[in-house]
Each structure stands twice: as structure tokens, then as C-alpha cells.
Amino acid sequence: MIQQNKSGLTFALFVIGIFFFIFGFVTWLNGVLIPFLRTACELTTAQAFYVASAFYIAYFVMSIPVSFILKKFGFVNSMTFGLAIMIVGTLIFIPAAYTREYWVFLLGLFVQGTGLTMLQTAVNPYVTLLGPVESAAKRISIMGVANKLAGAFSGIILGSLLLSKSDTEIQEELSNLTSSAKMVYLDELALKIAIPYIIMAVVLAILALMVRYARLPEIAGNEPDTKFTTKGLPAYAWLGVFAIFFYVGAEVVVGDSVILYGRYLNPDPYLINLFGWEVNLLNPSYFTSYVMAGMILGYFVGIALIPKIISQEKALLLFTLSALFFTSVALLASGTTSLLFIILLGISNSVMWPAIWPLAIEKTGKKIPIISALLIMGIIGGAIMSPLFGKLSDNTNMHLAYIILIPCYLYILFFAISGHKIGKQN
């Protein structure tokens with residue numbers, strides 16, 4: 001535990017809470033960017049899902065280099081570096097919007113992902129060390145809720161700005177334009193992203209200054225040096241890495257595709273009056289937010305049940321079975337019913353990460369840092385499964401493409417039942 005007075009610890013936790021909010025906000029913007037860039041840059045569905053690839057591949061490529069930076073410069077300085085890198089990545093969206101070049105958008109996403117990799121690697125230890133160990137779970141829970149709340153807000157805020165028209169409306173408008181007028185229309189559409197990302201860069205810069213001058217407590221680097229080698233890692237740890245791979249792949253497919261799927265289905269509006277405002281609950285821009293709300297609900301369920309009522313492995317088993325059930329119903333159903341069960345996968349996905357992680361590192365002692373790095377690298381599942389989903393969508397249709405979730409959840413089911421026990425000493 002970091003030694004600090006109560007007010008200092010509270011302020012530090014407040015700053016870290018903002019970090020987790022940013023993690024969620026930036027990460028789940030991809031669900032809005034995919035349909036937006038598919039239209040603005042005239043992409044196939046498979047090409048549009050390279051948004052997720054560019055973002056999540058940074059975790060795989062940069063996780064080990066980032067660990068050396070943290071060791072050299074410390075956690076607090078690395079937070080500032082991470083924010084600076086995110087600012088650069090965010091500002092790259094400005095020339096991307098003006099040129100409407102897809103590869104420039106992808107570059108910005110990769111740089112943002114690199115900054116987030118450094119931030120998450122630096123920030124996560126704080127959640128445990130800023131306070132008593134016995135209350136660490138409570139702090140982690142609060143940070144997790146902040147993360148998912150941000151994901152819910154990001155879809156509503158940016159979705160309302162960038163996806164105000166349906167695909168059908170846009171295609172009808174484009175069909176009536178000449179070739180030159182169409183280019184002007186798409187250029188103006190792409191420019192809509194510039195102002196939100198300028199605002200985001202300013203917010204990140206303010207947070208960087210806050211971290212730089214807030215005198216946050218540093219984590220003492222008194223742990224022994226550990227050589228990075230995968231030799232002698234137990235089988236269940238490797239199986240856990242693949243479980244993270246398939247989990248993140250499934251979670252990203254669900255969270256990043258649901259808006260696009262909603263636009264594909266184009267459901268009839270379902271209007272309600274909310275504080276004098278007429279709100280369409282079936283506005284596709286809100287669908288990622290619904291998935292995030294499901295994850296928050298599942299998160300609270302997990303907090304209430306684990307470990308007092310059910311164990312981590314039992315929770316992983318039950319939530320994975322629910323994921324297989326929801327996916328199967330979504331594939332067998334159609335229209336709004338299918339969409340509803342895809343959204344419900346947010347609940348199923350919520351407990352998988354916090355359950356897989358401890359099962360993969362249990363009883364590994366000094367190898368925990370190495371296994372943790374490998375688990376972080378498993379996030380590349382989001383970079384691989386998303387374009388595969390997009391390719392399936394192009395070759396069949398978006399509804400059938402969700403069949404890619406079945407093998408993902410089947411592997412996690414195997415890990416929950418027996419994989420986490422293979423090679424584990426009693």
C-alpha cells in the first residue's frame with residue numbers, strides 16, 4: 001500500500017477514476033467509428049472493422065516495450081507519457097478528417113491504442129495500492145463501473161453527432177448526387193469528426209497537466225528483476241491467454257458491431273417521452289450504450305455473488321452458458337428480437353475478464369508478471385476477430401456473421417470447465 005494521507009489518497013483515486021472513464025470512452029467509440037467511417041471512406045464491412053484491428057493490435061505490439069518504459073521512468077511519469085501519446089493519436093484524426101484517408105484514421109487509432117496501453121499498464125497497480133489490500137476489490141469495482149459508464153456515454157454522445165442519419169437516408173441522398181457532388185457530401189460528412197476530437201485532445205491535455213502537477217504518489221520499484229521468459233509456464237496459464245484472446249474477440253465484436261447491425265436492420269422507431277424529450281429507444285446510435293449498461297449490470301451481479309455465493313470458475317461457467325444461449329437465440333431469431341439478444345451479451349461478457357484472469361495466474365508465484373504480460377497481449381483477439389466478422393458479413397450477411405461468437409464462447413466454456421485445471425498443482 002502507498003503511504004499517503006487520506007485526502008491525498010482520495011484525490012489520487014479521483015484522478016485514476018478519470019483515467020478509467022477515459023479508457024472506456026475512447027475504447028468504445030470504435031462502435032460509432034466503424035459505421036461512420038464505412039460510409040465516409042466508402043468501405044466494405046470487412047474494411048470498416050480494421051478500426052478495431054488498428055486499435056487493439058497496439059496492445060499486442062506495445063505491451064512489452066511499454067513495460068520497459070515504466071521501469072525506467074516510473075508509473076506517474078508514464079501516465080503523463082501515455083496521455084501525451086493519446087493526444088497525438090487524437091490530433092491525427094484532424095488531418096484524417098480533412099483528407100478522408102482511411103489509413104490516416106487507422107494510424108490515429110493505433111497511436112491512441114499505444115497511449116492507452118501505457119496508461120493501463122501504469123494505472124492498474126494504483127487501484128490495488130491506493131488503500132488497504134482488503135478493500136482493493138471495492139476500488140476495482142468502482143473503476144470498472146466508471147469504465148463502462150464512459151462506454152455508454154460515448155455511444156450516445158458521438159453517435160448522436162456522427163450517425164444522425166440512417167444508412168438508408170444517406171444512400172438515398174448519395175444516389176441523387178453527381179460524382180463531384182458526392183465527393184463534397186462525403187468530405188463534409190468526414191469533417192464532422194474534427195471538432196469532437198479537438199475537444200477530446202483538449203480534455204486529455206488538461207488531464208496530463210493535472211497528473212504532471214498533482215504530485216501523485218509513486219510506486220516504489222523494490223520488486224526483484226524478472227527475466228522475461230515463457231519457459232516453464234504451466235499449461236493452464238497458456239490456455240488462459242487463449243481464453244482472453246477469444247473473450248476480447250467476442251466482446252469487441254459485440255460492442256463494435258451492434259450499432260452497425262442496428263443500422264443494417266433499420267428497426268421502426270420506438271418513441272418514449274423522457275422529461276419532455278421524445279426519445280427513440282431503437283436509435284442504433286444507442287445500442288453500444290445498451291451493451292455497456294448490460295455489462296454494468298453483470299458487473300454488479302458478479303460483485304454480489306463472487307465469491308460468497310459462487311466461485312470464480314462457477315461464475316465463468318454460468319455466464320459463458322448464458323452467452324451461448326443468447327447467441328444461439330440471436331442466430332435463430334430475426335429483426336429486433338435478434339438485436340435484443342446480441343445486446344444481452346453485454347451481461348454475459350461482463351464477468352469473463354475478471355474470472356479468467358485470476359484462474360490463469362493462480363499458483364504461478366514469480367511468473368505472474370510474465371503471465372500478466374501475455375494475458376494483456378491476448379487482447380489482440382479484438383484485432384483479429386473483428387475483421388473476420390466483417391468478412392463474414394460481406395460474404396453472407398451481418399446476422400449470420402454472429403456465428404463467429406459460438407467457437408469463441410465454446411473455448412471459454414472449455415477453460416471454465418477443465419482448462420483452468422490442466423497442469424495446476426493442488
# chains A, B, ... in the order shown; residues from 1 in each chain; ligands from 1
call {"tool": "residues_around", "arguments": {"residues": "Gly24 of chain A", "least_positions_apart": "4", "cutoff": "7 Å", "atoms": "only C-alpha atoms", "output": "VMD selection string"}}
result
chain A and resid 20 28 147 to 148 150 to 151
call {"tool": "write_last_selection", "arguments": {"atoms": "N, CA and C atoms", "output": "CSV table (one decimal), in the first residue's frame"}}
result
chain,number,residue,atom,x,y,z
A,20,PHE,N,-9.9,5.7,-15.8
A,20,PHE,CA,-10.7,4.6,-16.2
A,20,PHE,C,-11.9,5.0,-17.1
A,28,TRP,N,-14.7,2.4,-26.5
A,28,TRP,CA,-16.0,2.1,-27.1
A,28,TRP,C,-16.5,3.1,-28.1
A,147,ASN,N,-15.5,2.8,-16.1
A,147,ASN,CA,-15.1,2.5,-17.4
A,147,ASN,C,-16.3,2.2,-18.3
A,148,LYS,N,-17.3,1.4,-17.8
A,148,LYS,CA,-18.4,1.0,-18.6
A,148,LYS,C,-19.4,2.2,-18.8
A,150,ALA,N,-18.6,5.2,-19.1
A,150,ALA,CA,-18.0,6.1,-20.1
A,150,ALA,C,-18.3,5.5,-21.5
A,151,GLY,N,-18.2,4.1,-21.6
A,151,GLY,CA,-18.6,3.5,-22.8
A,151,GLY,C,-20.0,3.7,-23.2
call {"tool": "residues_around", "arguments": {"residues": "segment 354-366 of chain A", "least_positions_apart": "5", "cutoff": "7 Å", "atoms": "only C-alpha atoms", "output": "PyMOL selection string"}}
result
chain A and resi 236-237+240+312-313+316+371+420
call {"tool": "write_last_selection", "arguments": {"atoms": "C-alpha atoms", "output": "PDB file, in the first residue's frame"}}
result
ATOM      1  CA  TYR A 236      -3.460 -23.557 -17.713  1.00  0.00           C
ATOM      2  CA  ALA A 237      -1.710 -20.185 -17.995  1.00  0.00           C
ATOM      3  CA  GLY A 240      -5.907 -18.641 -20.079  1.00  0.00           C
ATOM      4  CA  GLN A 312     -14.985 -17.553  -9.924  1.00  0.00           C
ATOM      5  CA  GLU A 313     -14.917 -20.687 -12.071  1.00  0.00           C
ATOM      6  CA  LEU A 316     -17.391 -18.046 -15.577  1.00  0.00           C
ATOM      7  CA  ILE A 371       1.751 -14.345 -17.495  1.00  0.00           C
ATOM      8  CA  HIS A 420      -8.057 -23.793 -15.867  1.00  0.00           C
TER       9      HIS A 420
END
call {"tool": "closest_atom_pairs", "arguments": {"of": "segment 59-103 of chain A", "to": "segment 381-385 of chain A", "cutoff": "12 Å", "atoms": "only C-alpha atoms", "output": "Markdown table"}}
result
| residue | atom | partner | partner_atom | distance |
| --- | --- | --- | --- | --- |
| A:Tyr59 | CA | A:Ala383 | CA | 9.5 |
| A:Phe60 | CA | A:Ala383 | CA | 9.4 |
| A:Val61 | CA | A:Ala383 | CA | 11.4 |
call {"tool": "closest_atom_pairs", "arguments": {"of": "segment 342-416 of chain A", "to": "segment 254-257 of chain A", "cutoff": "9 Å", "atoms": "only C-alpha atoms", "output": "JSON lines"}}
result
{"residue": "A:Ile342", "atom": "CA", "partner": "A:Val254", "partner_atom": "CA", "distance": 6.9}
{"residue": "A:Ile343", "atom": "CA", "partner": "A:Val254", "partner_atom": "CA", "distance": 7.6}
{"residue": "A:Leu345", "atom": "CA", "partner": "A:Val254", "partner_atom": "CA", "distance": 7.4}
{"residue": "A:Gly346", "atom": "CA", "partner": "A:Val254", "partner_atom": "CA", "distance": 7.8}
{"residue": "A:Ser386", "atom": "CA", "partner": "A:Asp256", "partner_atom": "CA", "distance": 8.2}
{"residue": "A:Phe389", "atom": "CA", "partner": "A:Ser257", "partner_atom": "CA", "distance": 8.8}
{"residue": "A:Gly390", "atom": "CA", "partner": "A:Ser257", "partner_atom": "CA", "distance": 8.9}
{"residue": "A:Met398", "atom": "CA", "partner": "A:Ser257", "partner_atom": "CA", "distance": 8.9}
{"residue": "A:Tyr402", "atom": "CA", "partner": "A:Val254", "partner_atom": "CA", "distance": 8.5}
{"residue": "A:Leu405", "atom": "CA", "partner": "A:Val254", "partner_atom": "CA", "distance": 8.7}
call {"tool": "residues_around", "arguments": {"residues": "Gly298 of chain A", "least_positions_apart": "2", "cutoff": "9 Å", "atoms": "only C-alpha atoms", "output": "number ranges by chain"}}
result
A: 293-296, 300-303, 346-351
call {"tool": "select_by_dssp", "arguments": {"residues": "segment 245-414 of chain A", "states": "alpha helix (DSSP H)", "output": "VMD selection string"}}
result
chain A and resid 245 to 265 287 to 305 312 to 332 335 to 350 352 to 361 368 to 377 381 to 395 398 to 401 405 to 414
call {"tool": "residues_around", "arguments": {"residues": "Thr45 of chain A", "least_positions_apart": "6", "cutoff": "9 Å", "atoms": "only C-alpha atoms", "output": "short mmCIF file (atom, residue, chain, number, x, y, z; two decimals) with N, CA and C atoms, in the first residue's frame"}}
result
data_model
loop_
_atom_site.label_atom_id
_atom_site.label_comp_id
_atom_site.auth_asym_id
_atom_site.auth_seq_id
_atom_site.Cartn_x
_atom_site.Cartn_y
_atom_site.Cartn_z
N ILE A 34 -16.88 2.72 -36.63
CA ILE A 34 -16.96 1.70 -37.68
C ILE A 34 -18.06 2.03 -38.70
N PRO A 35 -19.32 2.26 -38.29
CA PRO A 35 -20.32 2.62 -39.30
C PRO A 35 -20.08 3.99 -39.92
N ARG A 38 -17.22 3.64 -42.43
CA ARG A 38 -17.64 2.79 -43.56
C ARG A 38 -18.33 3.64 -44.62
N PRO A 387 -12.26 -8.06 -37.93
CA PRO A 387 -12.28 -8.13 -39.40
C PRO A 387 -12.79 -9.47 -39.93
N PHE A 389 -15.26 -11.08 -38.55
CA PHE A 389 -16.70 -10.85 -38.52
C PHE A 389 -17.13 -10.01 -39.72
N GLY A 390 -16.35 -8.97 -40.02
CA GLY A 390 -16.67 -8.12 -41.16
C GLY A 390 -16.63 -8.87 -42.47
N LYS A 391 -15.63 -9.76 -42.62
CA LYS A 391 -15.52 -10.56 -43.85
C LYS A 391 -16.71 -11.49 -43.98
N SER A 393 -19.63 -10.96 -42.77
CA SER A 393 -20.77 -10.10 -43.09
C SER A 393 -20.84 -9.80 -44.58
N ASP A 394 -19.69 -9.51 -45.17
CA ASP A 394 -19.65 -9.22 -46.61
C ASP A 394 -20.01 -10.44 -47.44
#
call {"tool": "residues_around", "arguments": {"residues": "segment 80-93 of chain A", "least_positions_apart": "2", "cutoff": "6 Å", "atoms": "only C-alpha atoms", "output": "JSON, numbers by chain"}}
result
{"A": [77, 78, 95, 96, 97, 105, 108, 111, 112, 115, 118, 119, 201, 208]}
call {"tool": "closest_residue", "arguments": {"among": "A:Ile22, A:Leu340, A:Val252, A:Leu297", "to": "Ser53 of chain A", "atoms": "only C-alpha atoms"}}
result
A:Val252
call {"tool": "closest_residue", "arguments": {"among": "A:Met79, A:Val184, A:Met143, A:Leu400", "to": "Leu207 of chain A", "atoms": "only C-alpha atoms"}}
result
A:Met79
call {"tool": "atom_distance", "arguments": {"atom1": "atom CA of Ala323 of chain A", "atom2": "atom CA of Phe341 of chain A"}}
result
9.3 Å
call {"tool": "atom_distance", "arguments": {"atom1": "atom CA of Ser67 of chain A", "atom2": "atom CA of Thr121 of chain A"}}
result
7.5 Å
call {"tool": "closest_residue", "arguments": {"among": "A:Phe68, A:Leu265, A:Glu42, A:Leu191", "to": "Thr99 of chain A", "atoms": "only C-alpha atoms"}}
result
A:Leu191
call {"tool": "atom_distance", "arguments": {"atom1": "atom CA of Pro284 of chain A", "atom2": "atom CA of Leu163 of chain A"}}
result
8.5 Å
call {"tool": "closest_residue", "arguments": {"among": "A:Ile259, A:Ala416, A:Leu106, A:Ile193", "to": "Leu317 of chain A", "atoms": "only C-alpha atoms"}}
result
A:Ala416
call {"tool": "closest_residue", "arguments": {"among": "A:Val76, A:Ile306, A:Leu204, A:Leu339", "to": "Asn266 of chain A", "atoms": "only C-alpha atoms"}}
result
A:Leu339
